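Q: Structure file model_0.cif, mmCIF, C-alpha atoms and all ligand atoms, is pasted below:
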data_work
loop_
_atom_site.label_atom_id
_atom_site.label_comp_id
_atom_site.auth_asym_id
_atom_site.auth_seq_id
_atom_site.Cartn_x
_atom_site.Cartn_y
_atom_site.Cartn_z
CA MET J 14 -14.99 -12.57 -6.25
CA LYS J 15 -15.59 -11.71 -9.93
CA ARG J 16 -13.19 -8.78 -9.60
CA THR J 17 -10.48 -11.02 -8.08
CA LEU J 18 -10.97 -13.54 -10.88
CA ILE J 19 -10.71 -10.88 -13.62
CA THR J 20 -7.57 -9.48 -11.97
CA GLY J 21 -6.02 -12.95 -11.63
CA LEU J 22 -6.72 -13.90 -15.26
CA ASP J 23 -5.34 -10.61 -16.55
CA ILE J 24 -2.13 -10.93 -14.54
CA TRP J 25 -1.76 -14.60 -15.50
CA LYS J 26 -1.76 -13.55 -19.17
CA ARG J 27 1.06 -11.08 -18.47
CA LYS J 28 3.18 -13.18 -16.10
CA GLY J 29 3.27 -16.51 -17.94
CA PRO J 30 1.94 -20.03 -17.38
CA PHE J 31 3.72 -20.79 -14.07
CA TRP J 32 2.50 -17.71 -12.22
CA PRO J 33 -0.61 -19.41 -10.67
CA VAL J 34 1.53 -22.30 -9.41
CA LYS J 35 3.93 -19.93 -7.63
CA LEU J 36 0.98 -17.93 -6.31
CA ILE J 37 -0.74 -21.00 -4.84
CA ALA J 38 2.56 -22.17 -3.31
CA ARG J 39 3.12 -18.73 -1.76
CA ALA J 40 -0.46 -18.55 -0.45
CA SER J 41 -0.06 -22.02 1.12
CA LEU J 42 3.20 -20.99 2.78
CA ASN J 43 1.48 -17.95 4.30
CA THR J 44 -1.27 -20.22 5.63
CA LEU J 45 1.35 -22.57 7.10
CA HIS J 46 3.05 -19.63 8.81
CA HIS J 47 -0.32 -18.25 10.01
CA LEU J 48 0.42 -14.94 8.29
CA PRO J 49 -2.06 -12.81 6.31
CA ARG J 50 -1.33 -13.07 2.58
CA GLY J 51 -1.48 -9.39 1.81
CA MET J 52 0.49 -6.31 2.76
CA MET J 53 -0.55 -2.71 2.45
CA VAL J 54 2.29 -0.24 2.31
CA GLU J 55 2.21 3.52 2.77
CA ALA J 56 4.94 4.88 0.49
CA THR J 57 4.82 8.41 1.88
CA GLN J 58 2.88 10.73 4.17
CA ARG J 59 2.67 13.35 1.40
CA CYS J 60 -0.36 13.85 -0.82
CA THR J 61 -0.77 15.42 -4.26
CA GLY J 62 -4.47 16.21 -3.77
CA ASN J 63 -4.44 19.67 -2.13
CA CYS J 64 -8.15 19.25 -1.48
CA ARG J 65 -10.21 21.92 0.19
CA GLY J 66 -10.46 21.32 3.93
CA CYS J 67 -7.60 18.80 4.13
CA LYS J 68 -4.69 19.64 6.40
CA PRO J 69 -1.45 18.23 5.00
CA THR J 70 0.86 16.36 7.38
CA ILE J 71 3.51 18.61 8.93
CA ASN J 72 7.04 17.28 8.23
CA PRO J 73 5.85 14.32 6.14
CA VAL J 74 7.98 11.18 6.13
CA ASP J 75 8.73 8.97 3.10
CA LEU J 76 9.18 5.23 3.44
CA LYS J 77 12.83 4.29 2.99
CA PRO J 78 13.26 1.49 0.42
CA GLU J 79 15.86 -0.08 2.75
CA LEU J 80 13.21 -0.38 5.47
CA LEU J 81 10.74 -2.07 3.13
CA SER J 82 13.52 -4.44 2.08
CA ALA J 83 14.41 -5.14 5.70
CA TRP J 84 10.80 -5.96 6.64
CA LEU J 85 10.30 -8.23 3.63
CA GLY J 86 13.71 -9.84 4.07
CA CYS J 87 12.94 -11.12 7.58
CA ARG J 88 9.34 -12.18 6.84
CA PRO J 89 9.04 -15.96 7.32
CA CYS J 90 7.64 -16.17 3.76
CA LYS J 91 6.89 -13.67 1.01
CA PRO J 92 3.42 -12.08 0.91
CA VAL J 93 1.16 -12.87 -2.05
CA THR J 94 0.01 -9.33 -2.71
CA LEU J 95 1.68 -6.03 -1.97
CA HIS J 96 -0.51 -2.99 -2.28
CA PHE J 97 0.75 0.60 -2.15
CA SER J 98 -1.93 2.83 -0.78
CA GLY J 99 -2.28 6.07 1.13
CA LYS J 100 -3.91 6.88 4.41
CA HIS J 101 -4.05 10.65 4.24
CA SER J 102 -1.43 10.45 1.50
CA ASP J 103 -0.87 9.16 -2.01
CA PRO J 104 1.83 6.82 -3.39
CA LEU J 105 2.42 9.10 -6.40
CA ALA J 106 3.85 11.70 -4.02
CA ALA J 107 6.59 9.26 -2.89
CA PRO J 108 10.02 10.31 -4.19
CA GLU J 109 11.25 6.70 -4.04
CA LEU J 110 8.20 5.04 -5.59
CA SER J 111 10.12 3.30 -8.38
CA ARG J 112 12.58 1.65 -5.94
CA LEU J 113 9.76 0.65 -3.61
CA VAL J 114 7.80 -0.92 -6.49
CA ALA J 115 10.90 -2.82 -7.65
CA ILE J 116 11.43 -4.26 -4.14
CA ALA J 117 7.73 -5.15 -3.93
CA GLY J 118 7.91 -6.94 -7.28
CA GLN J 119 10.88 -9.05 -6.15
CA ASN J 120 9.08 -10.06 -2.94
CA SER J 121 5.46 -10.72 -3.89
CA SER J 122 3.28 -12.22 -6.63
CA MET J 123 1.22 -9.15 -7.36
CA VAL J 124 1.91 -5.44 -6.93
CA SER J 125 -0.84 -2.86 -7.03
CA VAL J 126 -0.92 0.90 -6.57
CA SER J 127 -4.02 2.69 -5.39
CA THR J 128 -3.95 6.41 -6.16
CA ILE J 129 -6.01 9.52 -6.71
CA GLY J 130 -4.02 9.89 -9.97
CA LEU J 131 -2.72 13.41 -9.34
CA GLY J 132 1.02 14.04 -9.54
CA PHE J 133 1.56 11.33 -12.15
CA GLN J 134 5.08 11.73 -13.58
CA PRO J 135 6.49 10.60 -16.94
CA GLY J 136 7.92 7.13 -16.33
CA HIS J 137 5.37 6.06 -13.72
CA GLU J 138 3.59 4.08 -16.46
CA GLY J 139 6.73 1.95 -16.92
CA LEU J 140 6.84 0.75 -13.29
CA LYS J 141 6.33 -2.97 -12.77
CA VAL J 142 2.87 -2.55 -11.33
CA ASP J 143 0.36 -5.31 -12.05
CA ARG J 144 -2.70 -3.27 -11.22
CA TRP J 145 -3.27 0.48 -11.01
CA ILE J 146 -6.38 1.51 -9.10
CA PHE J 147 -7.46 5.09 -9.77
CA SER J 148 -9.95 6.45 -7.24
CA LEU J 149 -12.14 9.23 -8.59
CA PRO J 150 -14.28 11.38 -6.27
CA ALA J 151 -16.61 12.29 -9.17
CA ALA J 152 -17.11 11.64 -12.89
CA THR J 153 -18.06 15.14 -14.03
CA GLY J 154 -16.17 18.43 -13.73
CA PRO J 155 -18.80 20.30 -11.65
CA SER J 156 -19.13 17.43 -9.14
CA TRP J 157 -15.35 17.21 -8.89
CA GLU J 158 -15.13 20.89 -8.12
CA ALA J 159 -17.96 20.63 -5.58
CA ILE J 160 -16.26 17.84 -3.62
CA ARG J 161 -12.58 18.68 -3.98
CA GLY J 162 -12.69 22.46 -4.44
CA ARG J 163 -11.05 22.34 -7.88
CA ASP J 164 -11.80 20.30 -11.01
CA ARG J 165 -8.68 18.21 -11.73
CA MET J 166 -10.42 15.41 -13.60
CA ALA J 167 -8.45 16.03 -16.83
CA GLU J 168 -5.13 15.43 -15.00
CA VAL J 169 -6.31 12.09 -13.66
CA LEU J 170 -7.74 10.96 -16.97
CA LEU J 171 -4.42 11.77 -18.66
CA ALA J 172 -2.68 9.53 -16.11
CA VAL J 173 -5.22 6.73 -16.76
CA ARG J 174 -4.73 7.01 -20.54
CA THR J 175 -0.94 6.98 -20.15
CA VAL J 176 -0.99 3.77 -18.08
CA LYS J 177 -3.48 2.15 -20.45
CA SER J 178 -1.41 3.06 -23.53
CA ALA J 179 1.74 1.60 -21.96
CA GLY J 180 -0.16 -1.72 -21.85
CA LYS J 181 1.88 -3.13 -18.94
CA SER J 182 -0.73 -3.15 -16.18
CA MET J 183 -4.41 -3.59 -15.68
CA VAL J 184 -6.36 -0.45 -14.83
CA GLU J 185 -9.22 -0.32 -12.39
CA LEU J 186 -11.38 2.76 -11.91
CA VAL J 187 -13.23 3.31 -8.65
CA LEU J 188 -15.81 6.03 -8.21
CA THR J 189 -16.17 7.04 -4.59
CA VAL J 190 -19.72 8.29 -4.29
CA TRP J 191 -20.10 11.43 -2.18
CA ARG J 192 -23.18 13.60 -1.76
CA GLN J 193 -21.82 15.90 -4.47
CA SER J 194 -21.20 13.09 -6.98
CA ALA J 195 -24.25 10.94 -6.23
CA SER J 196 -25.71 11.55 -9.71
CA ASP J 197 -22.47 10.70 -11.57
CA LEU J 198 -23.03 6.96 -11.97
CA ASP J 199 -24.04 7.08 -15.67
CA ALA J 200 -21.21 9.48 -16.45
CA PHE J 201 -18.81 7.16 -14.63
CA ARG J 202 -19.91 4.12 -16.65
CA GLU J 203 -19.40 6.09 -19.86
CA LEU J 204 -16.03 7.36 -18.72
CA ALA J 205 -14.84 3.86 -17.77
CA GLY J 206 -15.82 2.65 -21.26
CA ASN J 207 -14.02 5.54 -22.95
CA MET J 208 -10.90 4.90 -20.88
CA ARG J 209 -11.05 1.13 -21.69
CA ALA J 210 -10.74 0.39 -17.99
CA ASP J 211 -10.25 -3.30 -17.20
CA SER J 212 -12.70 -2.99 -14.37
CA ALA J 213 -14.83 -0.27 -12.81
CA LYS J 214 -16.90 -0.04 -9.67
CA ALA J 215 -18.60 2.54 -7.49
CA VAL J 216 -18.34 2.55 -3.69
CA PHE J 217 -19.80 4.85 -1.06
CA GLY J 218 -17.39 7.29 0.56
CA ARG J 219 -16.18 6.29 4.03
CA PHE J 220 -16.69 8.37 7.10
CA ASP J 221 -13.39 9.62 8.53
CA PRO J 222 -13.75 10.33 12.24
CA GLU J 223 -10.44 12.24 12.18
CA GLY J 224 -12.37 14.88 10.27
CA PHE J 225 -9.69 16.35 8.04
CA HIS J 226 -10.24 14.09 5.07
CA VAL J 227 -12.96 14.38 2.43
CA GLY J 228 -14.94 11.83 4.48
CA ARG J 229 -16.57 14.43 6.69
CA THR J 230 -20.21 13.98 7.66
CA GLU J 231 -21.46 16.70 5.31
CA ASN J 232 -19.97 14.90 2.28
CA LEU J 233 -21.50 11.46 2.92
CA GLU J 234 -24.30 10.39 0.56
CA LEU J 235 -26.65 9.62 3.44
CA ASP J 236 -29.80 9.90 1.27
CA SER J 237 -28.99 6.76 -0.75
CA GLN J 238 -30.42 3.49 0.51
CA GLY J 239 -27.14 1.73 -0.25
CA CYS J 240 -25.06 4.10 1.88
CA PRO J 241 -23.71 2.09 4.84
CA TYR J 242 -24.21 5.00 7.28
CA ARG J 243 -27.10 6.78 8.96
CA LEU J 244 -26.98 9.53 11.55
CA ASP J 245 -27.32 8.59 15.21
CA GLY J 246 -29.23 10.63 17.80
CA THR J 247 -26.30 13.05 18.18
CA GLY J 248 -25.96 13.68 14.41
CA SER J 249 -22.84 11.50 14.02
CA PRO J 250 -22.64 8.84 11.32
CA GLU J 251 -23.05 5.24 12.46
CA LEU J 252 -23.05 2.02 10.47
CA LYS J 253 -26.51 0.71 9.61
CA ARG J 254 -25.27 -2.85 9.99
CA GLU J 255 -22.40 -4.25 12.05
CA PRO J 256 -19.87 -5.72 9.56
CA ALA J 257 -19.21 -9.48 9.66
CA GLY J 258 -15.56 -8.90 10.63
CA CYS J 259 -12.58 -6.72 9.92
CA PRO J 260 -12.57 -5.94 6.17
CA LEU J 261 -8.75 -5.97 6.20
CA ALA J 262 -8.29 -9.21 8.17
CA GLY J 263 -6.25 -10.64 5.27
CA CYS J 264 -3.43 -8.10 5.35
CA LEU J 265 -1.08 -6.09 7.53
CA PHE J 266 0.01 -2.48 7.11
CA LEU J 267 3.48 -0.98 6.95
CA ASP J 268 3.30 2.78 7.44
CA ALA J 269 5.66 5.38 5.92
CA GLU J 270 7.72 5.46 9.13
CA GLY J 271 8.37 1.73 8.73
CA VAL J 272 6.07 0.70 11.60
CA LEU J 273 4.13 -2.56 11.13
CA ARG J 274 0.50 -2.18 12.19
CA PRO J 275 -2.70 -4.27 12.02
CA CYS J 276 -4.31 -1.88 9.52
CA PRO J 277 -4.02 1.72 8.24
CA PHE J 278 -6.59 2.98 10.72
CA THR J 279 -5.47 1.62 14.06
CA GLY J 280 -3.30 3.93 16.11
CA ASP J 281 -1.02 3.40 19.08
CA ASP J 282 -3.97 2.01 21.07
CA ALA J 283 -3.46 -1.19 19.02
CA PRO J 284 -0.26 -3.29 18.87
CA PHE J 285 2.55 -2.31 16.50
CA GLU J 286 6.13 -3.34 15.77
CA ARG J 287 8.84 -0.77 15.05
CA THR J 288 11.85 -2.93 14.25
CA PRO J 289 12.04 -5.45 11.41
CA SER J 290 12.66 -8.96 12.74
CA THR J 291 11.25 -12.46 12.33
CA GLY J 292 9.97 -12.16 15.91
CA ALA J 293 7.95 -9.08 14.95
CA TRP J 294 6.23 -11.03 12.14
CA LYS J 295 5.52 -13.88 14.56
CA THR J 296 3.89 -11.42 16.94
CA ALA J 297 1.85 -10.00 14.07
CA ARG J 298 0.33 -13.45 13.45
CA GLY J 299 -1.94 -12.87 16.41
CA TRP J 300 -3.32 -9.60 15.11
CA LYS J 301 -5.96 -11.16 12.81
CA ALA J 302 -7.89 -12.53 15.78
CA LEU J 303 -7.48 -9.20 17.53
CA LYS J 304 -8.82 -7.31 14.51
CA ASN J 305 -11.81 -9.61 14.10
CA GLY J 306 -12.53 -9.58 17.81
CA ARG J 307 -12.20 -5.80 18.18
CA PRO J 308 -15.56 -4.07 18.62
CA PHE J 309 -16.20 -1.81 15.65
CA SER J 310 -16.82 1.07 18.02
CA ALA J 311 -13.10 0.79 18.90
CA CYS J 312 -12.12 1.09 15.24
CA ARG J 313 -11.86 4.61 14.05
CA TYR J 314 -12.73 4.02 10.39
CA CYS J 315 -14.66 0.80 10.01
CA TRP J 316 -16.86 0.99 13.08
S1 LIG J 401 -8.42 14.88 1.14
FE1 LIG J 401 -7.28 13.01 0.68
S2 LIG J 401 -6.71 13.23 -1.47
FE2 LIG J 401 -7.26 15.28 -0.76
S3 LIG J 401 -5.34 16.23 -0.08
FE3 LIG J 401 -6.29 15.26 1.70
S4 LIG J 401 -5.38 13.23 1.84
FE4 LIG J 401 -4.99 14.02 -0.24
S1 LIG J 402 -10.23 -0.07 11.68
FE1 LIG J 402 -10.69 -2.03 12.69
S2 LIG J 402 -12.18 -3.01 11.35
FE2 LIG J 402 -11.23 -1.38 10.17
S3 LIG J 402 -9.54 -2.39 9.06
FE3 LIG J 402 -8.73 -1.59 10.99
S4 LIG J 402 -8.84 -3.25 12.48
FE4 LIG J 402 -10.17 -3.76 10.74
#
Mind turning this structure into structure tokens?

A:
Amino acid sequence: MKRTLITGLDIWKRKGPFWPVKLIARASLNTLHHLPRGMMVEATQRCTGNCRGCKPTINPVDLKPELLSAWLGCRPCKPVTLHFSGKHSDPLAAPELSRLVAIAGQNSSMVSVSTIGLGFQPGHEGLKVDRWIFSLPAATGPSWEAIRGRDRMAEVLLAVRTVKSAGKSMVELVLTVWRQSASDLDAFRELAGNMRADSAKAVFGRFDPEGFHVGRTENLELDSQGCPYRLDGTGSPELKREPAGCPLAGCLFLDAEGVLRPCPFTGDDAPFERTPSTGAWKTARGWKALKNGRPFSACRYCW
């Protein structure tokens, strides 16, 4: 809640006095149309991470700006937030990121980009992004090397500094705590201060049942009390507590192939829509109940 408030106030300062009025009007329209207010968009299937143990996608696809336009153009009302994020990918690897961000800006009240910060190109800092979220796997060089196989912290920090210096967007730093970076919390706080981050938080790394991401069992910080996972009788991670509902109930996901899905982690066992149309959005209205009613054991990430 505090984080949302800080973000809102920061963006209000940048967007002028009428921004909250438009935002409230847009949020109300989404409620009237029974649509989630947020959209997550995968800009590409490529990734700039090259992490040890991660298999890159063969023949990766990039989201066509025309497809994003088509989906947003037939939506019964504009979404409030549009968030570019990766699944096993990163938005900075998208060749058409600047066009995608421009379309997002014309069709929503707030645009954010969540990235690992690698592959940052000159000019990215000038994109009309309201909030950059940089996810760090560690806050010291040795921990970074231990988790990702190579210390690339300096590259990410250069990207953070460049965005901060441009002064156009707010910058959020997120430390994902893995077993290898469990003792980096103090270093992270210091780093966030040095970078003048607008906000900073630490979260525990998520288990990835697909097994080719960093979120493999051996990387989870299972020794910490706050870690949401424990091992079950077979040695597989399980949630200590059943979540109250789907954490992404308030948004839908458009993947890099232009397929509308309930969330980044559901596959073809869940409903999806391939062709942009108003009817597709109307069908997607029903997905919130489906997501909240789905047993977590049926969800590959959040179970
Ligand atoms: S582990 Fe994640 S960040 Fe690293 S290369 Fe794979 S998808 Fe990219
Ligand atoms: S995997 Fe399930 S619980 Fe997690 S965001 Fe998707 S629908 Fe929601």

Q: Just want the 6 Å neighbourhood of stretch 186-188 of chain J, counted on all atoms listed in the file, with same-chain residues fewer than 3 positions away dropped. Output as a CSV table (one decimal) with C-alpha atoms, in the coordinates of the input.

A:
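Listed below is the output, selection-v1.csv:
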chain,number,residue,atom,x,y,z
J,146,ILE,CA,-6.4,1.5,-9.1
J,147,PHE,CA,-7.5,5.1,-9.8
J,148,SER,CA,-10.0,6.4,-7.2
J,149,LEU,CA,-12.1,9.2,-8.6
J,150,PRO,CA,-14.3,11.4,-6.3
J,213,ALA,CA,-14.8,-0.3,-12.8
J,214,LYS,CA,-16.9,0.0,-9.7
J,215,ALA,CA,-18.6,2.5,-7.5

Q: Quick one: residues within 9 Å of stretch 75-87 of chain J, all atoms listed in the file, excluding same-chain residues fewer than 5 positions away - as a compact mmCIF listing (two decimals) with C-alpha atoms, keeping the file's coordinate frame?

A:
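Result went into result-v9.txt, see below:
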# COMPACT_ATOMS: atom_id res chain seq x y z
CA VAL J 54 2.29 -0.24 2.31
CA GLU J 55 2.21 3.52 2.77
CA ALA J 56 4.94 4.88 0.49
CA THR J 57 4.82 8.41 1.88
CA GLN J 58 2.88 10.73 4.17
CA ARG J 59 2.67 13.35 1.40
CA PRO J 92 3.42 -12.08 0.91
CA ALA J 107 6.59 9.26 -2.89
CA PRO J 108 10.02 10.31 -4.19
CA GLU J 109 11.25 6.70 -4.04
CA LEU J 110 8.20 5.04 -5.59
CA ARG J 112 12.58 1.65 -5.94
CA LEU J 113 9.76 0.65 -3.61
CA ILE J 116 11.43 -4.26 -4.14
CA ALA J 117 7.73 -5.15 -3.93
CA ASN J 120 9.08 -10.06 -2.94
CA LEU J 267 3.48 -0.98 6.95
CA ASP J 268 3.30 2.78 7.44
CA ALA J 269 5.66 5.38 5.92
CA GLU J 270 7.72 5.46 9.13
CA GLY J 271 8.37 1.73 8.73
CA LEU J 273 4.13 -2.56 11.13
CA THR J 288 11.85 -2.93 14.25
CA PRO J 289 12.04 -5.45 11.41
CA SER J 290 12.66 -8.96 12.74
CA THR J 291 11.25 -12.46 12.33
CA GLY J 292 9.97 -12.16 15.91
CA TRP J 294 6.23 -11.03 12.14

Q: Would you work out the distance separating atom CA of J:His96 from atom CA of J:Lys253, expressed in Å to one decimal?

A: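 Atom-to-atom, atom CA of J:His96 to atom CA of J:Lys253, that is 28.8 Å.
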
Q: Quick one: of J:Leu45, J:Leu235, J:Leu105, J:Leu198, who's nearest to J:Gly62, counting only C-alpha atoms?

A: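 The answer is J:Leu105, which sits nearest to J:Gly62.
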
Q: To one decimal in Å, tell me the separation between atom CA of J:Pro89 and atom CA of J:Arg39.

A: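 We find that atom CA of J:Pro89 and atom CA of J:Arg39 lie 11.2 Å from each other.
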
Q: Report as a VMD selection string which protein, DNA and RNA residues come within 12 Å of ligand LIG 401 (chain J), using all atoms listed in the file.

A: chain J and resid 57 to 70 98 to 106 127 to 132 147 to 150 157 160 to 163 165 189 218 to 219 221 223 to 229 232

Q: May I have the residues from that selection written out with C-alpha atoms, as a PDB file, in the coordinates of the input?

A:
ATOM      1  CA  THR J  57       4.820   8.410   1.880  1.00  0.00           C
ATOM      2  CA  GLN J  58       2.880  10.730   4.170  1.00  0.00           C
ATOM      3  CA  ARG J  59       2.670  13.350   1.400  1.00  0.00           C
ATOM      4  CA  CYS J  60      -0.360  13.850  -0.820  1.00  0.00           C
ATOM      5  CA  THR J  61      -0.770  15.420  -4.260  1.00  0.00           C
ATOM      6  CA  GLY J  62      -4.470  16.210  -3.770  1.00  0.00           C
ATOM      7  CA  ASN J  63      -4.440  19.670  -2.130  1.00  0.00           C
ATOM      8  CA  CYS J  64      -8.150  19.250  -1.480  1.00  0.00           C
ATOM      9  CA  ARG J  65     -10.210  21.920   0.190  1.00  0.00           C
ATOM     10  CA  GLY J  66     -10.460  21.320   3.930  1.00  0.00           C
ATOM     11  CA  CYS J  67      -7.600  18.800   4.130  1.00  0.00           C
ATOM     12  CA  LYS J  68      -4.690  19.640   6.400  1.00  0.00           C
ATOM     13  CA  PRO J  69      -1.450  18.230   5.000  1.00  0.00           C
ATOM     14  CA  THR J  70       0.860  16.360   7.380  1.00  0.00           C
ATOM     15  CA  SER J  98      -1.930   2.830  -0.780  1.00  0.00           C
ATOM     16  CA  GLY J  99      -2.280   6.070   1.130  1.00  0.00           C
ATOM     17  CA  LYS J 100      -3.910   6.880   4.410  1.00  0.00           C
ATOM     18  CA  HIS J 101      -4.050  10.650   4.240  1.00  0.00           C
ATOM     19  CA  SER J 102      -1.430  10.450   1.500  1.00  0.00           C
ATOM     20  CA  ASP J 103      -0.870   9.160  -2.010  1.00  0.00           C
ATOM     21  CA  PRO J 104       1.830   6.820  -3.390  1.00  0.00           C
ATOM     22  CA  LEU J 105       2.420   9.100  -6.400  1.00  0.00           C
ATOM     23  CA  ALA J 106       3.850  11.700  -4.020  1.00  0.00           C
ATOM     24  CA  SER J 127      -4.020   2.690  -5.390  1.00  0.00           C
ATOM     25  CA  THR J 128      -3.950   6.410  -6.160  1.00  0.00           C
ATOM     26  CA  ILE J 129      -6.010   9.520  -6.710  1.00  0.00           C
ATOM     27  CA  GLY J 130      -4.020   9.890  -9.970  1.00  0.00           C
ATOM     28  CA  LEU J 131      -2.720  13.410  -9.340  1.00  0.00           C
ATOM     29  CA  GLY J 132       1.020  14.040  -9.540  1.00  0.00           C
ATOM     30  CA  PHE J 147      -7.460   5.090  -9.770  1.00  0.00           C
ATOM     31  CA  SER J 148      -9.950   6.450  -7.240  1.00  0.00           C
ATOM     32  CA  LEU J 149     -12.140   9.230  -8.590  1.00  0.00           C
ATOM     33  CA  PRO J 150     -14.280  11.380  -6.270  1.00  0.00           C
ATOM     34  CA  TRP J 157     -15.350  17.210  -8.890  1.00  0.00           C
ATOM     35  CA  ILE J 160     -16.260  17.840  -3.620  1.00  0.00           C
ATOM     36  CA  ARG J 161     -12.580  18.680  -3.980  1.00  0.00           C
ATOM     37  CA  GLY J 162     -12.690  22.460  -4.440  1.00  0.00           C
ATOM     38  CA  ARG J 163     -11.050  22.340  -7.880  1.00  0.00           C
ATOM     39  CA  ARG J 165      -8.680  18.210 -11.730  1.00  0.00           C
ATOM     40  CA  THR J 189     -16.170   7.040  -4.590  1.00  0.00           C
ATOM     41  CA  GLY J 218     -17.390   7.290   0.560  1.00  0.00           C
ATOM     42  CA  ARG J 219     -16.180   6.290   4.030  1.00  0.00           C
ATOM     43  CA  ASP J 221     -13.390   9.620   8.530  1.00  0.00           C
ATOM     44  CA  GLU J 223     -10.440  12.240  12.180  1.00  0.00           C
ATOM     45  CA  GLY J 224     -12.370  14.880  10.270  1.00  0.00           C
ATOM     46  CA  PHE J 225      -9.690  16.350   8.040  1.00  0.00           C
ATOM     47  CA  HIS J 226     -10.240  14.090   5.070  1.00  0.00           C
ATOM     48  CA  VAL J 227     -12.960  14.380   2.430  1.00  0.00           C
ATOM     49  CA  GLY J 228     -14.940  11.830   4.480  1.00  0.00           C
ATOM     50  CA  ARG J 229     -16.570  14.430   6.690  1.00  0.00           C
ATOM     51  CA  ASN J 232     -19.970  14.900   2.280  1.00  0.00           C
TER      52      ASN J 232
END

Q: From the set J:Ala311, J:Leu265, J:Trp145, J:Ala195, which residue has the shortest atom-to-atom contact distance to J:Gln238, counting all atoms listed in the file?

A: J:Ala195

Q: Hey, which residues come within 8 Å of ligand LIG 402 (chain J) if we count all atoms listed in the file? Could you give them as a list of chain:residue names?

A: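 Counting only what the definition allows, namely all atoms listed in the file, the set is J:Gly258, J:Cys259, J:Pro260, J:Leu261, J:Ala262, J:Pro275, J:Cys276, J:Pro277, J:Phe278, J:Thr279, J:Leu303, J:Lys304, J:Asn305, J:Arg307, J:Pro308, J:Phe309, J:Ala311, J:Cys312, J:Arg313, J:Tyr314, J:Cys315, J:Trp316.
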
Q: Choose the residue, out of J:Ala167, J:Ile19, J:Ala200, J:Met208, that has the smallest atom-to-atom separation from J:Thr153; count all atoms listed in the file.

A: J:Ala200

Q: Which residues of stretch 43-109 of chain J come within 12 Å of stretch 32-38 of chain J, and what is each one's closest atom pair and distance in Å (one decimal), counting only C-alpha atoms, sorted by chain and residue number, as JSON lines?

A:
{"residue": "J:Asn43", "atom": "CA", "partner": "J:Ala38", "partner_atom": "CA", "distance": 8.8}
{"residue": "J:Thr44", "atom": "CA", "partner": "J:Ala38", "partner_atom": "CA", "distance": 9.9}
{"residue": "J:Leu45", "atom": "CA", "partner": "J:Ala38", "partner_atom": "CA", "distance": 10.5}
{"residue": "J:Arg50", "atom": "CA", "partner": "J:Leu36", "partner_atom": "CA", "distance": 10.4}
{"residue": "J:Cys90", "atom": "CA", "partner": "J:Ala38", "partner_atom": "CA", "distance": 10.6}
{"residue": "J:Lys91", "atom": "CA", "partner": "J:Leu36", "partner_atom": "CA", "distance": 10.3}
{"residue": "J:Pro92", "atom": "CA", "partner": "J:Leu36", "partner_atom": "CA", "distance": 9.6}
{"residue": "J:Val93", "atom": "CA", "partner": "J:Leu36", "partner_atom": "CA", "distance": 6.6}
{"residue": "J:Thr94", "atom": "CA", "partner": "J:Leu36", "partner_atom": "CA", "distance": 9.4}

Q: Name the closest residue to J:Arg274 among the candidates J:Ser122, J:Thr296, J:Ser212, J:Thr175; distances are taken between atoms, counting only C-alpha atoms.

A: J:Thr296

Q: Report the distance between atom CA of J:Asp282 and atom CA of J:Cys240 in Å, rounded to one decimal place.

A: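 It comes out at 28.6 Å.
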
Q: Using all atoms listed in the file, determine which residues lie at most 10 Å from J:Gly239, disregarding the query and same-chain residues fewer than 3 positions distant; provide the list as a PyMOL selection string.

A: chain J and resi 216-217+234-236+242+253

Q: Measuring atom to atom with only C-alpha atoms, identify which of J:Lys26, J:Glu168, J:Ser310, J:Ser121 is nearest to J:Lys181.

A: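 When distances to J:Lys181 are compared using only C-alpha atoms, the smallest one comes from J:Lys26.
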
Q: Which of these residues is nearest to J:Trp300, using all atoms listed in the file: J:Gly136, J:Pro155, J:Pro49, J:Pro73?

A: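 Counting all atoms listed in the file, the residue closest to J:Trp300 is J:Pro49.
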
Q: Around (7.2, -2.5, -11.2), as given in the file, which residues come within 6 Å? Count only C-alpha atoms and list them as a short mmCIF file (atom, residue, chain, number, x, y, z; two decimals) with C-alpha atoms, in the frame of the given file.

A:
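Below is the file that was written, out.cif:
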data_model
loop_
_atom_site.label_atom_id
_atom_site.label_comp_id
_atom_site.auth_asym_id
_atom_site.auth_seq_id
_atom_site.Cartn_x
_atom_site.Cartn_y
_atom_site.Cartn_z
CA VAL J 114 7.80 -0.92 -6.49
CA ALA J 115 10.90 -2.82 -7.65
CA GLY J 118 7.91 -6.94 -7.28
CA LEU J 140 6.84 0.75 -13.29
CA LYS J 141 6.33 -2.97 -12.77
CA VAL J 142 2.87 -2.55 -11.33
#
